[in-house]
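So this block is query11.cif, mmCIF, C-alpha atoms:
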```
data_upload
#
loop_
_atom_site.label_atom_id
_atom_site.label_comp_id
_atom_site.auth_asym_id
_atom_site.auth_seq_id
_atom_site.Cartn_x
_atom_site.Cartn_y
_atom_site.Cartn_z
CA MET A 1 47.23 -11.89 -45.92
CA ALA A 2 46.77 -8.42 -44.44
CA ALA A 3 49.62 -5.94 -44.38
CA THR A 4 49.61 -5.84 -40.59
CA HIS A 5 53.07 -6.70 -39.35
CA ALA A 6 53.66 -7.79 -35.78
CA HIS A 7 56.58 -5.85 -34.32
CA GLY A 8 56.73 -7.51 -31.01
CA MET A 9 55.00 -8.84 -27.95
CA LYS A 10 51.98 -6.82 -26.88
CA ARG A 11 52.20 -5.80 -23.24
CA ASP A 12 48.75 -7.16 -22.42
CA LEU A 13 49.99 -10.65 -23.31
CA MET A 14 51.07 -10.56 -19.65
CA ASP A 15 47.39 -11.15 -18.76
CA ILE A 16 47.37 -14.33 -20.88
CA VAL A 17 50.69 -16.08 -20.23
CA CYS A 18 52.15 -17.62 -17.09
CA CYS A 19 55.15 -19.71 -16.05
CA PRO A 20 54.90 -23.02 -17.94
CA LEU A 21 56.30 -24.89 -14.93
CA ASP A 22 54.20 -23.71 -11.97
CA LYS A 23 51.58 -21.45 -13.64
CA HIS A 24 52.50 -18.43 -11.51
CA ASP A 25 52.58 -14.84 -12.78
CA LEU A 26 55.53 -13.53 -14.78
CA ASP A 27 57.36 -10.21 -14.38
CA LEU A 28 58.21 -8.38 -17.61
CA ASP A 29 61.63 -6.76 -18.02
CA VAL A 30 61.85 -4.79 -21.27
CA GLU A 31 65.20 -4.35 -23.05
CA ALA A 32 63.94 -2.96 -26.38
CA GLU A 33 60.58 -1.70 -27.49
CA GLU A 34 59.04 -0.58 -30.79
CA ASP A 35 55.65 1.14 -31.17
CA GLY A 36 54.73 0.13 -27.62
CA GLU A 37 55.46 -3.55 -28.24
CA VAL A 38 58.27 -5.52 -26.65
CA VAL A 39 61.01 -6.56 -29.07
CA SER A 40 63.44 -8.00 -26.54
CA GLY A 41 63.55 -8.60 -22.81
CA THR A 42 62.85 -11.28 -20.28
CA LEU A 43 59.92 -12.79 -18.43
CA THR A 44 60.68 -13.98 -14.89
CA CYS A 45 58.46 -16.22 -12.79
CA THR A 46 57.40 -14.45 -9.59
CA ASP A 47 57.48 -17.78 -7.75
CA CYS A 48 60.24 -20.09 -9.03
CA GLY A 49 62.43 -17.34 -10.52
CA GLU A 50 62.93 -19.11 -13.88
CA THR A 51 63.55 -16.61 -16.67
CA TYR A 52 62.25 -16.79 -20.24
CA PRO A 53 63.71 -14.72 -23.09
CA ILE A 54 61.80 -12.47 -25.47
CA GLU A 55 63.76 -12.31 -28.75
CA ASP A 56 62.75 -10.58 -31.99
CA GLY A 57 59.34 -9.93 -30.48
CA ILE A 58 58.62 -13.58 -29.65
CA PRO A 59 58.49 -14.79 -26.05
CA ASN A 60 60.11 -18.22 -25.62
CA LEU A 61 58.01 -19.85 -22.91
CA LEU A 62 59.30 -23.39 -23.41
CA PRO A 63 60.26 -25.08 -20.14
CA PRO A 64 64.08 -24.81 -19.76
CA ASP A 65 64.60 -28.56 -20.35
CA MET A 66 62.90 -28.30 -23.77
CA ARG A 67 64.86 -25.32 -25.09
CA GLU A 68 67.79 -27.44 -26.34
CA GLU A 69 66.39 -30.92 -27.02
CA THR A 70 64.87 -30.02 -30.36
CA PRO A 71 66.00 -30.62 -33.94
CA ALA A 72 68.08 -28.00 -35.71
CA MET B 1 50.63 -38.71 -47.04
CA THR B 2 54.20 -39.23 -45.85
CA GLY B 3 56.77 -36.72 -44.75
CA ASP B 4 58.91 -37.47 -47.79
CA ASP B 5 55.96 -36.79 -50.10
CA LEU B 6 55.49 -33.46 -48.42
CA ALA B 7 59.17 -32.65 -48.59
CA ALA B 8 59.29 -33.51 -52.29
CA ARG B 9 56.12 -31.60 -53.07
CA ARG B 10 57.27 -28.54 -51.24
CA GLY B 11 60.91 -28.46 -52.32
CA VAL B 12 63.53 -27.20 -49.94
CA GLU B 13 61.31 -25.34 -47.48
CA THR B 14 60.72 -28.03 -44.90
CA ASP B 15 61.33 -26.16 -41.63
CA VAL B 16 57.68 -25.22 -41.25
CA TYR B 17 54.50 -27.06 -42.24
CA ASP B 18 52.85 -25.05 -45.00
CA PRO B 19 49.07 -24.72 -45.07
CA ALA B 20 47.39 -27.72 -46.69
CA GLU B 21 43.86 -29.14 -46.95
CA ASP B 22 43.76 -29.81 -43.21
CA SER B 23 44.73 -26.22 -42.38
CA ARG B 24 42.05 -24.86 -44.73
CA LEU B 25 39.31 -27.09 -43.33
CA LEU B 26 40.16 -26.01 -39.78
CA ALA B 27 40.41 -22.32 -40.72
CA ASP B 28 37.12 -22.33 -42.66
CA THR B 29 35.30 -24.09 -39.82
CA ALA B 30 36.77 -21.77 -37.17
CA CYS B 31 35.73 -18.70 -39.19
CA GLU B 32 32.11 -19.92 -38.95
CA GLU B 33 32.31 -20.51 -35.19
CA VAL B 34 34.47 -17.73 -33.74
CA ALA B 35 32.89 -14.44 -32.62
CA ALA B 36 34.59 -11.05 -32.90
CA ASP B 37 35.00 -10.65 -29.13
CA ASP B 38 36.49 -14.12 -28.61
CA LEU B 39 40.05 -14.64 -27.45
CA VAL B 40 41.47 -17.51 -29.49
CA LEU B 41 44.62 -19.64 -29.21
CA ASP B 42 45.87 -21.57 -32.25
CA VAL B 43 48.11 -24.37 -30.97
CA GLY B 44 50.81 -25.63 -33.35
CA THR B 45 50.22 -22.58 -35.50
CA GLY B 46 52.99 -23.46 -38.00
CA SER B 47 52.95 -20.89 -40.81
CA GLY B 48 50.29 -18.94 -38.90
CA TYR B 49 47.75 -19.56 -41.67
CA VAL B 50 44.85 -20.64 -39.44
CA ALA B 51 45.52 -17.95 -36.82
CA ALA B 52 45.88 -15.16 -39.39
CA THR B 53 42.82 -16.26 -41.39
CA VAL B 54 40.56 -16.53 -38.35
CA GLY B 55 41.79 -13.19 -37.01
CA GLU B 56 41.19 -11.42 -40.32
CA GLU B 57 37.80 -13.01 -41.06
CA THR B 58 36.25 -12.73 -37.60
CA GLY B 59 38.02 -9.75 -36.00
CA ALA B 60 38.87 -11.91 -32.97
CA ARG B 61 42.25 -11.68 -31.27
CA VAL B 62 44.08 -14.89 -32.18
CA LEU B 63 47.39 -15.94 -30.65
CA GLY B 64 49.59 -18.56 -32.27
CA ALA B 65 51.70 -21.00 -30.24
CA ASP B 66 54.33 -23.35 -31.62
CA LEU B 67 57.24 -25.45 -30.37
CA ASN B 68 59.22 -24.68 -33.52
CA PRO B 69 61.12 -21.35 -33.53
CA HIS B 70 60.97 -21.16 -37.35
CA ALA B 71 57.18 -21.51 -37.18
CA CYS B 72 56.97 -18.76 -34.55
CA ARG B 73 58.98 -16.48 -36.84
CA ARG B 74 56.79 -17.26 -39.87
CA ALA B 75 53.58 -16.74 -37.88
CA CYS B 76 54.87 -13.46 -36.44
CA ASP B 77 55.80 -12.25 -39.94
CA ALA B 78 52.25 -13.17 -41.03
CA GLY B 79 50.93 -10.73 -38.41
CA VAL B 80 50.13 -13.33 -35.73
CA GLU B 81 51.00 -12.75 -32.07
CA ALA B 82 53.34 -15.70 -31.61
CA VAL B 83 54.45 -17.49 -28.45
CA ARG B 84 56.99 -20.32 -28.41
CA ALA B 85 55.30 -22.91 -26.26
CA ASP B 86 54.82 -26.59 -25.47
CA LEU B 87 51.10 -26.96 -26.29
CA VAL B 88 49.15 -24.84 -23.76
CA ALA B 89 51.70 -25.00 -20.89
CA PRO B 90 52.45 -21.25 -20.57
CA PHE B 91 48.86 -19.99 -20.73
CA ARG B 92 46.72 -18.98 -17.79
CA THR B 93 43.75 -20.84 -16.37
CA ASP B 94 40.27 -19.80 -17.66
CA THR B 95 41.64 -17.67 -20.51
CA PHE B 96 40.54 -18.67 -24.02
CA ASP B 97 37.08 -18.74 -25.57
CA VAL B 98 38.32 -20.98 -28.36
CA VAL B 99 41.42 -23.16 -28.79
CA THR B 100 42.12 -24.47 -32.30
CA PHE B 101 44.62 -27.26 -33.04
CA ASN B 102 45.69 -28.99 -36.25
CA PRO B 103 47.95 -31.50 -34.52
CA PRO B 104 50.76 -33.69 -35.79
CA TYR B 105 48.80 -36.89 -36.29
CA LEU B 106 50.60 -39.36 -38.54
CA PRO B 107 51.79 -42.58 -36.92
CA ALA B 108 55.59 -42.38 -36.76
CA ASP B 109 56.31 -45.04 -39.38
CA ALA B 110 53.98 -43.39 -41.90
CA ALA B 111 55.98 -40.20 -41.80
CA ALA B 112 59.37 -41.95 -42.14
CA ALA B 113 61.79 -40.88 -39.43
CA ARG B 114 63.33 -37.59 -40.50
CA ASP B 115 64.59 -36.18 -37.22
CA ASP B 116 63.88 -32.61 -38.24
CA TRP B 117 61.24 -29.95 -37.63
CA MET B 118 58.98 -31.40 -40.32
CA GLU B 119 58.85 -34.73 -38.50
CA VAL B 120 57.85 -32.87 -35.33
CA ALA B 121 55.13 -31.12 -37.34
CA LEU B 122 53.76 -34.37 -38.78
CA THR B 123 54.07 -37.22 -36.36
CA GLY B 124 52.17 -37.99 -33.20
CA GLY B 125 54.26 -40.90 -31.97
CA GLU B 126 53.59 -44.59 -32.68
CA THR B 127 49.81 -44.27 -32.56
CA GLY B 128 49.65 -40.79 -34.07
CA ARG B 129 47.77 -39.71 -30.95
CA GLU B 130 50.51 -38.90 -28.44
CA VAL B 131 50.51 -35.15 -29.05
CA VAL B 132 46.71 -34.97 -29.25
CA GLU B 133 46.44 -36.82 -25.94
CA ALA B 134 48.97 -34.54 -24.22
CA PHE B 135 46.97 -31.58 -25.55
CA LEU B 136 43.66 -33.01 -24.27
CA ASP B 137 45.23 -33.61 -20.85
CA ASP B 138 45.85 -29.88 -20.31
CA VAL B 139 43.59 -27.84 -22.60
CA GLU B 140 40.59 -27.83 -20.24
CA ARG B 141 42.64 -25.71 -17.81
CA VAL B 142 43.06 -22.78 -20.22
CA LEU B 143 39.46 -22.67 -21.51
CA ALA B 144 37.32 -19.81 -20.23
CA PRO B 145 33.81 -20.68 -18.97
CA GLY B 146 31.83 -21.71 -22.06
CA GLY B 147 35.04 -22.12 -24.02
CA TYR B 148 35.54 -24.90 -26.54
CA VAL B 149 38.15 -26.65 -28.68
CA LEU B 150 38.19 -27.03 -32.47
CA LEU B 151 40.41 -30.04 -33.19
CA LEU B 152 41.30 -31.43 -36.59
CA VAL B 153 41.48 -35.23 -36.67
CA SER B 154 42.13 -37.72 -39.44
CA THR B 155 40.96 -41.28 -39.95
CA LEU B 156 44.72 -42.08 -39.94
CA THR B 157 44.76 -41.04 -36.27
CA GLY B 158 41.54 -42.82 -35.34
CA VAL B 159 38.68 -40.38 -34.84
CA ASP B 160 36.79 -42.65 -32.41
CA ASP B 161 39.89 -43.09 -30.25
CA VAL B 162 40.32 -39.31 -30.03
CA VAL B 163 36.62 -38.85 -29.19
CA ASP B 164 36.87 -41.53 -26.47
CA TYR B 165 40.00 -39.97 -24.98
CA ALA B 166 38.39 -36.51 -24.99
CA GLY B 167 35.33 -38.05 -23.31
CA GLU B 168 37.53 -39.36 -20.49
CA ARG B 169 38.75 -35.79 -20.03
CA GLY B 170 35.19 -34.47 -19.69
CA PHE B 171 34.57 -33.29 -23.26
CA SER B 172 31.71 -34.18 -25.54
CA ALA B 173 32.48 -34.07 -29.25
CA VAL B 174 30.47 -32.88 -32.22
CA ALA B 175 31.76 -33.25 -35.79
CA LEU B 176 31.34 -29.89 -37.51
CA ALA B 177 32.91 -30.55 -40.90
CA ASP B 178 34.64 -33.28 -42.81
CA HIS B 179 36.46 -33.72 -46.06
CA SER B 180 37.42 -37.02 -47.70
CA PHE B 181 40.59 -37.74 -49.60
CA PRO B 182 41.75 -41.02 -51.18
CA PHE B 183 43.74 -42.08 -48.11
CA GLU B 184 42.05 -40.31 -45.24
CA THR B 185 39.03 -38.34 -44.12
CA LEU B 186 39.62 -35.15 -42.17
CA THR B 187 37.12 -34.08 -39.54
CA VAL B 188 36.90 -30.97 -37.36
CA LEU B 189 35.65 -31.87 -33.89
CA LYS B 190 34.13 -29.28 -31.58
CA LEU B 191 34.88 -30.33 -28.01
CA VAL B 192 32.69 -28.81 -25.32
CA ARG B 193 32.57 -29.47 -21.60
#
```
Spell out the structure here as structure tokens.
Amino acid sequence: MAATHAHGMKRDLMDIVCCPLDKHDLDLDVEAEEDGEVVSGTLTCTDCGETYPIEDGIPNLLPPDMREETPA
Amino acid sequence: MTGDDLAARRGVETDVYDPAEDSRLLADTACEEVAADDLVLDVGTGSGYVAATVGEETGARVLGADLNPHACRRACDAGVEAVRADLVAPFRTDTFDVVTFNPPYLPADAAAARDDWMEVALTGGETGREVVEAFLDDVERVLAPGGYVLLLVSTLTGVDDVVDYAGERGFSAVALADHSFPFETLTVLKLVR
């Protein structure tokens, strides 16, 4: 395994992801950044307004009804 | 192989499926197929082994998606761009040149109900095909023109059933590689439109 270590979400991931519910574009709101990559923040659907958290550099784009109904 | 066998073999670390023969077969096959300028999505990336290997060997950009937050963390720590996702739901139309998937494929009774993340990683419902079928229902949307899927299937899942289902969704299947074990044969299918 290479020594490359992902710090966070690359900004151009915005060209790849969309709202999982209606497939519309997302707006990025950055709370913390490291080396140009997003460590924490939110993604908000430009259409339905649903928000998705970015935590520890990983965007959580699960539909809201799937965020809780998962095993510990 | 059952979930309990895996748990016993791997000790206490059962939050995330560790790379096994199926992961290696998929990674090796993908390394032969993927080009350096491809954009690749590894669905159900788990430890990130397939995504990291393909990225390092081919130079392609490879994203890893997983339902399991522990898997996303592991993949991210392995250098993979990770997204917590339900299959391909949060990815744009016409985006990926290649989508790889080593799905949960054991019929539920074979993996003994565990009600934990390892069961999610192993089982594909009663037939073993529920997750694969949900994936095949939506993956066409995210493939770029000329894009294709590399899907690992097992004789325990029913290779012909998966090929038939993919056919109903507009894919033709070619078997690129297979590997036989005492209880199953693993095959990597290339699905093209």
Near chain A, meaning an atom within 8 Å, which residues of chain B appear when counting only C-alpha atoms? Write them as a VMD selection string.
chain B and resid 52 to 53 56 67 72 to 73 76 to 86 89 to 92 95 115 to 117
Could you tell me which residues the PyMOL selection byres ((chain B and resi 188) around 6) returns for this structure, as a VMD selection string?
chain B and resid 151 to 152 175 to 177 187 189
Name the residues that the PyMOL selection byres ((chain B and resi 96) around 12) pulls out of this structure, and write them as a VMD selection string.
(chain A and resid 15 to 17) or (chain B and resid 34 37 to 43 60 to 63 88 91 to 95 97 to 100 139 to 149)
Serialized selection, C-alpha atoms, as a JSON list (two decimals), in the coordinates of the input:
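Just written: out.json:
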```json
[["chain", "number", "residue", "atom", "x", "y", "z"],
["A", 15, "ASP", "CA", 47.39, -11.15, -18.76],
["A", 16, "ILE", "CA", 47.37, -14.33, -20.88],
["A", 17, "VAL", "CA", 50.69, -16.08, -20.23],
["B", 34, "VAL", "CA", 34.47, -17.73, -33.74],
["B", 37, "ASP", "CA", 35.00, -10.65, -29.13],
["B", 38, "ASP", "CA", 36.49, -14.12, -28.61],
["B", 39, "LEU", "CA", 40.05, -14.64, -27.45],
["B", 40, "VAL", "CA", 41.47, -17.51, -29.49],
["B", 41, "LEU", "CA", 44.62, -19.64, -29.21],
["B", 42, "ASP", "CA", 45.87, -21.57, -32.25],
["B", 43, "VAL", "CA", 48.11, -24.37, -30.97],
["B", 60, "ALA", "CA", 38.87, -11.91, -32.97],
["B", 61, "ARG", "CA", 42.25, -11.68, -31.27],
["B", 62, "VAL", "CA", 44.08, -14.89, -32.18],
["B", 63, "LEU", "CA", 47.39, -15.94, -30.65],
["B", 88, "VAL", "CA", 49.15, -24.84, -23.76],
["B", 91, "PHE", "CA", 48.86, -19.99, -20.73],
["B", 92, "ARG", "CA", 46.72, -18.98, -17.79],
["B", 93, "THR", "CA", 43.75, -20.84, -16.37],
["B", 94, "ASP", "CA", 40.27, -19.80, -17.66],
["B", 95, "THR", "CA", 41.64, -17.67, -20.51],
["B", 97, "ASP", "CA", 37.08, -18.74, -25.57],
["B", 98, "VAL", "CA", 38.32, -20.98, -28.36],
["B", 99, "VAL", "CA", 41.42, -23.16, -28.79],
["B", 100, "THR", "CA", 42.12, -24.47, -32.30],
["B", 139, "VAL", "CA", 43.59, -27.84, -22.60],
["B", 140, "GLU", "CA", 40.59, -27.83, -20.24],
["B", 141, "ARG", "CA", 42.64, -25.71, -17.81],
["B", 142, "VAL", "CA", 43.06, -22.78, -20.22],
["B", 143, "LEU", "CA", 39.46, -22.67, -21.51],
["B", 144, "ALA", "CA", 37.32, -19.81, -20.23],
["B", 145, "PRO", "CA", 33.81, -20.68, -18.97],
["B", 146, "GLY", "CA", 31.83, -21.71, -22.06],
["B", 147, "GLY", "CA", 35.04, -22.12, -24.02],
["B", 148, "TYR", "CA", 35.54, -24.90, -26.54],
["B", 149, "VAL", "CA", 38.15, -26.65, -28.68]]
```
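The nearest approach to Gly167 (chain B) among the residues B:His70, B:Arg193, B:Arg129, B:Arg24, with only C-alpha atoms taken into account, belongs to B:Arg193.
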I would like the residues chosen by the PyMOL selection byres ((chain B and resi 186) around 8) on the shown file; could you give them as number ranges by chain?
B: 22, 152-155, 178-181, 184-185, 187-188
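Pairwise distance (CA of Tyr165 (chain B), CA of Gly55 (chain B)) equals 29.4 Å.
All residues of protein, DNA or RNA that reach within 9 Å of Leu87 (chain B), judged by all atoms listed in the file and not counting those fewer than 4 positions away in the chain, are Val43, Gly44, Ala65, Asp66, Leu67, Val131, Ala134, Phe135, Asp138 and Val139 of chain B.
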Save out the residues we just selected, C-alpha atoms, as a PDB file, in the coordinates of the input.
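File written: part_24.pdb
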```pdb
ATOM      1  CA  VAL B  43      48.110 -24.370 -30.970  1.00  0.00           C
ATOM      2  CA  GLY B  44      50.810 -25.630 -33.350  1.00  0.00           C
ATOM      3  CA  ALA B  65      51.700 -21.000 -30.240  1.00  0.00           C
ATOM      4  CA  ASP B  66      54.330 -23.350 -31.620  1.00  0.00           C
ATOM      5  CA  LEU B  67      57.240 -25.450 -30.370  1.00  0.00           C
ATOM      6  CA  VAL B 131      50.510 -35.150 -29.050  1.00  0.00           C
ATOM      7  CA  ALA B 134      48.970 -34.540 -24.220  1.00  0.00           C
ATOM      8  CA  PHE B 135      46.970 -31.580 -25.550  1.00  0.00           C
ATOM      9  CA  ASP B 138      45.850 -29.880 -20.310  1.00  0.00           C
ATOM     10  CA  VAL B 139      43.590 -27.840 -22.600  1.00  0.00           C
TER      11      VAL B 139
END
```
Report as an mmCIF file with C-alpha atoms, in the coordinates of the input all protein, DNA and RNA residues lying within 7 Å of Pro19 (chain B), evaluated on only C-alpha atoms, omitting residues in the same chain fewer than 2 positions from it.
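Result went into result.cif, see below:
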```cif
data_model
loop_
_atom_site.group_PDB
_atom_site.id
_atom_site.type_symbol
_atom_site.label_atom_id
_atom_site.label_comp_id
_atom_site.auth_asym_id
_atom_site.auth_seq_id
_atom_site.Cartn_x
_atom_site.Cartn_y
_atom_site.Cartn_z
ATOM 1 C CA TYR B 17 54.500 -27.060 -42.240
ATOM 2 C CA SER B 23 44.730 -26.220 -42.380
ATOM 3 C CA SER B 47 52.950 -20.890 -40.810
ATOM 4 C CA TYR B 49 47.750 -19.560 -41.670
#
```
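Across the structure, CA of Leu191 (chain B) and CA of Val120 (chain B) are spaced 24.2 Å apart.
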Give me the residues near Asp29 (chain A) as a PyMOL selection string, where near means some atom within 9 Å (using all atoms listed in the file) and where sequence neighbours in that chain fewer than 4 positions away do not count.
chain A and resi 40-44
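Across the model, the gap from CA of Leu25 (chain B) to CA of Val162 (chain B) is 18.1 Å.
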Edge lengths and centre in Å, axis-aligned, region 154-157 of chain B plus 6 Å each side, as lines of an AutoDock Vina configuration file:
```
center_x = 42.9
center_y = -39.9
center_z = -38.1
size_x = 15.8
size_y = 16.4
size_z = 15.7
```
If you count all atoms listed in the file, which residues fall within 8 Å of Thr58 (chain B), apart from same-chain ones fewer than 5 positions away, as a ChimeraX atom specification?
/B:31,34-36
